[in-house]
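S.K.: Questions regarding the structure given below will be posed in turn.
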Amino acid sequence: MDDPYQILGVPKTASAEEIRKAYRRLAKQWHPDTNPDKPEAEARFKAISAANALLSDPEQRGRFDRGEIDASGAERAPPGGGWREWAEAPQGARYQSRSHGFGGEAPGGSYEAEDFEDLLSRAFGAGARAQAGGRRRGADIQVALHVPFLDAVRGATRQVTLPDGRRVNLTIPKGAEDGTVLRLAGQGMPGRGEGAPAGDILAVVEIEPHPLFRREGKDILLDLPVTLQEALLGARVEVPTIEGPVTMTIPPYSGEGTRLRLRGRGVDGGHQIAVLHVVMPKGPDPALEAFLRDWKPQDGSNPRAGPWAGMRA
Amino acid sequence: MGGNAGMIRIEELLGLVPEAPQAEITLWIERCWLRAERAPDGAWIFTEVDVARVRLLTELRITLEVAEETMPVVLSLIDQLYDARRTVKALLGALETQPAPVRQAVLARARSQGSE
C-alpha cells in the first residue's frame with residue numbers, strides 16, 4: 001500500500017482535523033455508489049478508508065511515523081524480514097533451536113512435541129504426559145479480519161486466507177462489533193496423536209470506518225448537511241440508510257445539530273439518527289443580505305441570553 | 001505442517017527473495033540453517049515458512065553482514081528465543097481456555113513471582 005499521507009493528500013504534519021476533512025472530502029468523491037461509471041473508484045475508496053483508519057488513530061499513526069508498522073498496519077519487519085510472524089506460529093517449530101545442528105541433536109528428527117512435552121511434564125509431573133498418551137489438541141490460529149462497515153452491520157460471508165495458505169469462508173454475523181471473535185471450531189492446526197482434536201480458527205473482527213455512517217451501539221449516526229432553506233422551511237430529502245436510501249421529513253425551523261430519528265433503520269432494532277448540519281450559502285448573495293439587513297426576528301429572542309448573560313460581569 | 005499448499009522450488013524461491021545469495025543456499029541446507037525436502041526428481045522443494053527463513057538468513061548474511069562462522073551462534077539464539085515464545089504462546093493459549101477463576105489465580109501467582 002502507498003503512503004497514507006499521499007493518499008489523503010495531507011502533509012505529515014497535518015492535524016487530526018485536517019486528516020478528517022481530507023478523508024471526508026475524498027471518501028465522498030470516490031464512494032463507489034456515487035461513481036458507478038468508474039471501476040477504479042472502489043479501489044481508491046478502499047485505499048482512502050484504509051489510510052484514514054491508520055492516520056485517524058493517534059497510536060497507529062505514531063507507530064507508522066516511527067516506522068514500526070507499514071501502511072497496511074502490519075508490523076514492519078524488524079531485522080529478519082518478517083521471520084517473527086512465522087517463527088511464533090506453530091509452523092515455526094520447523095526451526096526449533098536444536099533442529100539446525102548447533103545444539104548437537106541430529107536434525108530432521110521429530111521436533112516441537114518433545115520440548116513442549118518436556119516442559120509440561122516438568123511443570124505438572126509425569127502425569128501430564130501420560131494422561132493423554134501424548135495426545136494434544138492442535139493450536140488455534142488467530143487472524144485479523146478487516147470488515148467493511150456495512151458488511152459488519154448487515155452480516156456477510158468473507159473468504160480469508162490463513163497463514164498456511166488454506167482458504168476458509170467466515171460468516172460475519174449481522175451487527176458484528178469491533179473485536180468480535182469468530183470461531184471456526186476444528187479448523188485450526190491439527191492435533192498431535194490419535195484422536196487429538198484440531199485447534200480452532202479465531203478471527204478477530206476489525207471494522208473499517210464508513211465515510212457517512214458511524215455506529216453508537218445499535219444506532220447508526222449520519223451527519224446530514226442541509227441548506228439554510230431546508231432547515232428553516234422544512235423539506236423532504238433523500239438520505240442514505242444502511243439498507244438503501246429513504247425519504248425523510250425535516251420539520252421547519254430545525255436548527256444545527258437537530259437529531260432526527262429514522263425508526264428501526266439501525267442495527268438489530270436500533271434506529272438511524274440523522275444529525276443536521278446547516279450549510280450556509282457560499283455567497284455573495286445580495287438578495288439574501290438585503291433581506292437579512294431589514295429582517296426583524298419575530299421571536300425577538302437573544303441566542304446569547306441565559307448563562308451567557310452572566311458572562312459579561 | 002503449513003505449506004503443503006504450495007511446493008516451492010528454488011527458482012520460485014529466488015524469485016520471492018531476489019536478494020538471497022543463490023550460491024549459499026545449498027550450504028544453508030547442508031548446515032541445517034534452512035530446511036528443504038527433495039522432490040522425486042531430486043530438486044529442492046521449500047514451504048512458505050522456509051521462504052521466510054531464507055529472508056531471515058539473507059538479512060543476517062547480506063544486510064547485517066554476519067560472518068559465516070558466527071551464524072550458528074546467532075541462529076541458535078534466535079531459534080531458542082522463538083522456541084520460548086512459542087511455548088509461552090501455547091501456555092497462554094491454554095490458559096485462555098480455562099475458567100476465569102483459574103486464569104486469575106495463575107495470573108496473580110505469576111505476577112507475585114515476577115516481582116519477587
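For the C-alpha cells, the naming scheme is as follows: chains receive sequential letters (A, B, ...) according to their order of presentation, residues are indexed from 1 within each chain, and ligands are indexed from 1 in presentation order.
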For chain B, which residues have at least one atom within 9 Å of chain A, if we go by only C-alpha atoms? Write them as an mmCIF file with N, CA and C atoms, in the first residue's frame, please.

M.R.:
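So the final result, stored in out.cif, reads:
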```cif
data_model
loop_
_atom_site.group_PDB
_atom_site.id
_atom_site.type_symbol
_atom_site.label_atom_id
_atom_site.label_comp_id
_atom_site.auth_asym_id
_atom_site.auth_seq_id
_atom_site.Cartn_x
_atom_site.Cartn_y
_atom_site.Cartn_z
ATOM 1 N N MET B 1 1.584 -29.704 8.963
ATOM 2 C CA MET B 1 2.517 -28.571 8.887
ATOM 3 C C MET B 1 2.064 -27.599 7.808
ATOM 4 N N GLY B 2 2.404 -26.367 7.969
ATOM 5 C CA GLY B 2 1.980 -25.382 6.989
ATOM 6 C C GLY B 2 2.741 -25.561 5.703
ATOM 7 N N GLY B 3 2.192 -25.064 4.654
ATOM 8 C CA GLY B 3 2.951 -25.012 3.437
ATOM 9 C C GLY B 3 2.676 -26.143 2.487
ATOM 10 N N ASN B 4 1.846 -27.133 2.880
ATOM 11 C CA ASN B 4 1.529 -28.154 1.890
ATOM 12 C C ASN B 4 0.738 -27.508 0.761
ATOM 13 N N ALA B 5 0.303 -26.266 1.019
ATOM 14 C CA ALA B 5 -0.455 -25.553 -0.003
ATOM 15 C C ALA B 5 0.372 -25.411 -1.272
ATOM 16 N N GLY B 6 1.676 -25.150 -1.127
ATOM 17 C CA GLY B 6 2.464 -24.948 -2.331
ATOM 18 C C GLY B 6 3.850 -25.508 -2.150
ATOM 19 N N ARG B 31 23.920 -27.196 6.297
ATOM 20 C CA ARG B 31 24.191 -26.886 7.707
ATOM 21 C C ARG B 31 22.926 -26.868 8.547
ATOM 22 N N CYS B 32 21.800 -27.181 7.898
ATOM 23 C CA CYS B 32 20.518 -27.216 8.598
ATOM 24 C C CYS B 32 20.092 -25.844 9.119
ATOM 25 N N TRP B 33 20.586 -24.788 8.494
ATOM 26 C CA TRP B 33 20.046 -23.460 8.818
ATOM 27 C C TRP B 33 18.700 -23.300 8.132
ATOM 28 N N LEU B 34 18.580 -24.019 7.020
ATOM 29 C CA LEU B 34 17.378 -23.960 6.194
ATOM 30 C C LEU B 34 16.948 -25.396 5.949
ATOM 31 N N ARG B 35 15.639 -25.628 6.030
ATOM 32 C CA ARG B 35 15.162 -26.987 5.774
ATOM 33 C C ARG B 35 14.567 -27.058 4.369
ATOM 34 N N GLU B 48 6.352 -22.383 2.636
ATOM 35 C CA GLU B 48 6.296 -20.928 2.866
ATOM 36 C C GLU B 48 7.137 -20.494 4.054
ATOM 37 N N VAL B 49 7.151 -21.334 5.091
ATOM 38 C CA VAL B 49 7.940 -20.954 6.257
ATOM 39 C C VAL B 49 9.423 -20.949 5.886
ATOM 40 N N ASP B 50 9.809 -21.806 4.955
ATOM 41 C CA ASP B 50 11.207 -21.822 4.506
ATOM 42 C C ASP B 50 11.562 -20.545 3.744
ATOM 43 N N ALA B 52 10.305 -17.638 4.369
ATOM 44 C CA ALA B 52 10.533 -16.633 5.414
ATOM 45 C C ALA B 52 11.908 -16.843 6.043
ATOM 46 N N ARG B 53 12.286 -18.093 6.187
ATOM 47 C CA ARG B 53 13.591 -18.405 6.760
ATOM 48 C C ARG B 53 14.711 -17.874 5.857
ATOM 49 N N VAL B 54 14.522 -18.017 4.544
ATOM 50 C CA VAL B 54 15.529 -17.515 3.600
ATOM 51 C C VAL B 54 15.640 -15.994 3.732
ATOM 52 N N ARG B 55 14.489 -15.330 3.954
ATOM 53 C CA ARG B 55 14.537 -13.871 4.156
ATOM 54 C C ARG B 55 15.366 -13.544 5.386
ATOM 55 N N LEU B 56 15.146 -14.297 6.438
ATOM 56 C CA LEU B 56 15.906 -14.065 7.672
ATOM 57 C C LEU B 56 17.395 -14.283 7.431
ATOM 58 N N LEU B 57 17.730 -15.402 6.812
ATOM 59 C CA LEU B 57 19.138 -15.719 6.586
ATOM 60 C C LEU B 57 19.792 -14.671 5.686
ATOM 61 N N THR B 58 19.035 -14.233 4.666
ATOM 62 C CA THR B 58 19.559 -13.220 3.756
ATOM 63 C C THR B 58 19.823 -11.918 4.509
ATOM 64 N N GLU B 59 18.862 -11.568 5.366
ATOM 65 C CA GLU B 59 19.027 -10.332 6.132
ATOM 66 C C GLU B 59 20.268 -10.420 7.023
ATOM 67 N N LEU B 60 20.445 -11.569 7.642
ATOM 68 C CA LEU B 60 21.599 -11.731 8.531
ATOM 69 C C LEU B 60 22.907 -11.700 7.741
ATOM 70 N N LEU B 64 23.089 -7.520 7.319
ATOM 71 C CA LEU B 64 23.810 -7.291 8.580
ATOM 72 C C LEU B 64 25.247 -7.833 8.529
ATOM 73 N N PRO B 72 25.990 -19.873 13.245
ATOM 74 C CA PRO B 72 25.361 -20.886 14.095
ATOM 75 C C PRO B 72 24.966 -20.343 15.473
ATOM 76 N N VAL B 73 25.821 -19.508 16.038
ATOM 77 C CA VAL B 73 25.508 -18.961 17.366
ATOM 78 C C VAL B 73 24.291 -18.051 17.277
ATOM 79 N N LEU B 75 21.942 -17.937 14.982
ATOM 80 C CA LEU B 75 20.724 -18.682 14.665
ATOM 81 C C LEU B 75 20.228 -19.463 15.868
ATOM 82 N N SER B 76 21.182 -20.058 16.578
ATOM 83 C CA SER B 76 20.782 -20.842 17.743
ATOM 84 C C SER B 76 20.063 -19.955 18.757
ATOM 85 N N LEU B 77 20.587 -18.746 18.952
ATOM 86 C CA LEU B 77 19.960 -17.829 19.916
ATOM 87 C C LEU B 77 18.580 -17.390 19.424
ATOM 88 N N ILE B 78 18.501 -17.057 18.139
ATOM 89 C CA ILE B 78 17.209 -16.631 17.589
ATOM 90 C C ILE B 78 16.197 -17.770 17.732
ATOM 91 N N ASP B 79 16.618 -18.972 17.357
ATOM 92 C CA ASP B 79 15.673 -20.092 17.390
ATOM 93 C C ASP B 79 15.265 -20.448 18.811
ATOM 94 N N GLN B 80 16.218 -20.342 19.732
ATOM 95 C CA GLN B 80 15.856 -20.608 21.125
ATOM 96 C C GLN B 80 14.843 -19.592 21.620
ATOM 97 N N LEU B 81 15.073 -18.338 21.210
ATOM 98 C CA LEU B 81 14.141 -17.295 21.632
ATOM 99 C C LEU B 81 12.732 -17.622 21.149
ATOM 100 N N TYR B 82 12.626 -18.024 19.878
ATOM 101 C CA TYR B 82 11.293 -18.297 19.356
ATOM 102 C C TYR B 82 10.716 -19.601 19.900
ATOM 103 N N ASP B 83 11.576 -20.558 20.244
ATOM 104 C CA ASP B 83 11.073 -21.748 20.950
ATOM 105 C C ASP B 83 10.347 -21.294 22.201
ATOM 106 N N ARG B 85 9.196 -18.354 22.928
ATOM 107 C CA ARG B 85 7.998 -17.556 22.664
ATOM 108 C C ARG B 85 6.831 -18.438 22.223
ATOM 109 N N ARG B 86 7.110 -19.463 21.441
ATOM 110 C CA ARG B 86 6.027 -20.374 21.048
ATOM 111 C C ARG B 86 5.466 -21.090 22.266
ATOM 112 N N THR B 87 6.377 -21.495 23.152
ATOM 113 C CA THR B 87 5.919 -22.187 24.355
ATOM 114 C C THR B 87 5.044 -21.261 25.203
ATOM 115 N N LYS B 89 3.378 -18.739 24.188
ATOM 116 C CA LYS B 89 2.117 -18.540 23.470
ATOM 117 C C LYS B 89 1.171 -19.719 23.675
ATOM 118 N N ALA B 90 1.733 -20.928 23.597
ATOM 119 C CA ALA B 90 0.921 -22.129 23.766
ATOM 120 C C ALA B 90 0.339 -22.162 25.177
ATOM 121 N N GLY B 93 -2.317 -19.602 25.450
ATOM 122 C CA GLY B 93 -3.500 -20.095 24.730
ATOM 123 C C GLY B 93 -4.273 -21.078 25.584
#
```

S.K.: Any chance you could list, as an MDAnalysis selection string, the residues in chain B that come up strand (DSSP E) when DSSP is run on the backbone?

M.R.: chainID B and resid 8:9 37:38 44:46

S.K.: For Gly175 of chain A, which of A:Gly199, A:Glu230, A:Gly270, A:Leu260 is the closest residue, counting only C-alpha atoms?

M.R.: A:Gly270

S.K.: Any idea what's packed within 12 Å of segment 35-44 of chain A, counting only C-alpha atoms, ignoring anything in its chain fewer than 4 positions away? Could you give it as a list in words?

M.R.: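 The residues that qualify are Met1, Asp2, Pro4, Ile7, Leu8, Tyr23, Leu26, Ala27, Lys28, Gln29, Trp30, His31, Ile48, Ser49, Ala50 and Ala51 of chain A.
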
S.K.: Output C-alpha atoms for every residue in the selection just made, as a tab-separated table (two decimals), in the first residue's frame.

M.R.:
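again.tsv, written as the output of this step:
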```
chain	number	residue	atom	x	y	z
A	1	MET	CA	0.00	0.00	0.00
A	2	ASP	CA	1.13	3.53	-0.72
A	4	PRO	CA	-1.37	7.06	3.56
A	7	ILE	CA	-3.42	9.01	-0.45
A	8	LEU	CA	-5.21	11.61	1.64
A	23	TYR	CA	-10.82	11.92	4.33
A	26	LEU	CA	-12.09	12.16	-0.73
A	27	ALA	CA	-14.42	9.49	0.58
A	28	LYS	CA	-17.39	11.38	-0.80
A	29	GLN	CA	-15.62	11.97	-4.09
A	30	TRP	CA	-14.68	8.31	-4.54
A	31	HIS	CA	-17.56	6.49	-2.93
A	48	ILE	CA	-8.72	6.16	1.27
A	49	SER	CA	-10.58	4.32	4.05
A	50	ALA	CA	-7.50	2.34	4.97
A	51	ALA	CA	-5.32	5.45	5.02
```

S.K.: Please provide as a CSV table (one decimal) with N, CA and C atoms, in the first residue's frame all residues within 12 Å of Pro18 of chain B, with the sequence filter that same-chain residues fewer than 2 positions apart are discarded (counting only C-alpha atoms).

M.R.:
```csv
chain,number,residue,atom,x,y,z
B,10,ILE,N,13.4,-24.0,-6.1
B,10,ILE,CA,14.4,-23.0,-5.8
B,10,ILE,C,14.3,-21.8,-6.7
B,11,GLU,N,13.9,-22.0,-8.0
B,11,GLU,CA,13.7,-20.9,-8.9
B,11,GLU,C,12.7,-19.9,-8.4
B,12,GLU,N,11.5,-20.5,-7.9
B,12,GLU,CA,10.5,-19.6,-7.3
B,12,GLU,C,11.0,-18.9,-6.1
B,13,LEU,N,11.7,-19.7,-5.3
B,13,LEU,CA,12.3,-19.1,-4.0
B,13,LEU,C,13.1,-17.9,-4.3
B,14,LEU,N,14.0,-18.0,-5.3
B,14,LEU,CA,14.8,-16.9,-5.7
B,14,LEU,C,14.0,-15.7,-6.3
B,15,GLY,N,12.9,-16.1,-6.9
B,15,GLY,CA,12.0,-15.0,-7.4
B,15,GLY,C,11.4,-14.3,-6.2
B,16,LEU,N,11.0,-15.0,-5.1
B,16,LEU,CA,10.4,-14.4,-4.0
B,16,LEU,C,11.4,-13.6,-3.1
B,20,ALA,N,18.5,-13.0,-2.1
B,20,ALA,CA,19.2,-14.1,-1.5
B,20,ALA,C,20.4,-14.6,-2.3
B,21,PRO,N,21.5,-14.9,-1.6
B,21,PRO,CA,22.7,-15.3,-2.3
B,21,PRO,C,22.5,-16.7,-2.7
B,22,GLN,N,22.3,-16.9,-4.0
B,22,GLN,CA,22.0,-18.2,-4.6
B,22,GLN,C,23.0,-19.2,-4.3
B,51,VAL,N,10.6,-20.0,3.0
B,51,VAL,CA,10.8,-18.8,2.3
B,51,VAL,C,11.1,-17.7,3.3
B,54,VAL,N,14.5,-18.0,4.5
B,54,VAL,CA,15.5,-17.5,3.6
B,54,VAL,C,15.6,-16.0,3.7
B,55,ARG,N,14.5,-15.3,4.0
B,55,ARG,CA,14.5,-13.9,4.2
B,55,ARG,C,15.4,-13.5,5.4
B,58,THR,N,19.0,-14.2,4.7
B,58,THR,CA,19.6,-13.2,3.8
B,58,THR,C,19.8,-11.9,4.5
B,59,GLU,N,18.9,-11.6,5.4
B,59,GLU,CA,19.0,-10.3,6.1
B,59,GLU,C,20.3,-10.4,7.0
B,62,ILE,N,23.5,-10.9,4.4
B,62,ILE,CA,23.8,-9.8,3.4
B,62,ILE,C,23.7,-8.4,4.1
```

S.K.: May I have the residues within 12 Å of Arg103 of chain B as a list in words, using only C-alpha atoms and disregarding those fewer than 5 positions away in the same chain?

M.R.: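 Those residues are Leu91, Leu92, Gly93, Ala94, Leu95, Glu96, Thr97, Gln98, Ala108, Arg109 and Ala110 of chain B.
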
S.K.: Mind giving me the straight-line distance from atom CA of Ala176 of chain A to atom CA of Phe213 of chain A in Å, one decimal?

M.R.: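 These atoms are spaced 15.0 Å apart.
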
S.K.: Quick one: distance from atom CA of Leu212 of chain A to atom CA of Ala231 of chain A in Å, one decimal?

M.R.: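 Interatomic distance here is 19.8 Å.
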
S.K.: Find the residues around Ala274 of chain A up to 7 Å (only C-alpha atoms counted), leave out those fewer than 2 positions away in its own chain, and share them as a ChimeraX atom specification.

M.R.: /A:221-224,259-261,272,276

S.K.: Would you write out those residues with C-alpha atoms, as an mmCIF file, in the first residue's frame?

M.R.:
```
data_model
loop_
_atom_site.group_PDB
_atom_site.id
_atom_site.type_symbol
_atom_site.label_atom_id
_atom_site.label_comp_id
_atom_site.auth_asym_id
_atom_site.auth_seq_id
_atom_site.Cartn_x
_atom_site.Cartn_y
_atom_site.Cartn_z
ATOM 1 C CA LEU A 221 -25.474 8.038 13.113
ATOM 2 C CA LEU A 222 -25.347 10.059 9.931
ATOM 3 C CA ASP A 223 -24.242 13.669 9.540
ATOM 4 C CA LEU A 224 -26.800 15.222 7.199
ATOM 5 C CA ARG A 259 -31.239 14.830 15.717
ATOM 6 C CA LEU A 260 -33.932 13.235 13.606
ATOM 7 C CA ARG A 261 -34.722 9.596 14.098
ATOM 8 C CA GLN A 272 -30.765 5.659 12.360
ATOM 9 C CA LEU A 276 -28.478 18.046 10.838
#
```

S.K.: Hey, what does DSSP flag as helix (DSSP H, G or I) within segment 104-312 of chain A? Can you give it to me as a PyMOL selection string?

M.R.: chain A and resi 113-124+127-131+149-154+228-233+286-294+307-310

S.K.: Do a neighbour search on Pro148 of chain A at 7 Å with only C-alpha atoms, toss out local chain neighbours closer than 2 positions, and write the hits as a PDB file with C-alpha atoms, in the first residue's frame.

M.R.:
```pdb
ATOM      1  CA  HIS A 146     -10.891  -6.455   8.271  1.00  0.00           C
ATOM      2  CA  LEU A 150     -21.691  -2.153   6.015  1.00  0.00           C
ATOM      3  CA  ASP A 151     -20.694  -5.815   5.948  1.00  0.00           C
ATOM      4  CA  ALA A 152     -20.439  -5.729   9.717  1.00  0.00           C
ATOM      5  CA  ILE A 207     -14.344  -2.816  11.331  1.00  0.00           C
ATOM      6  CA  GLU A 208     -13.297  -0.254   8.757  1.00  0.00           C
TER       7      GLU A 208
END
```
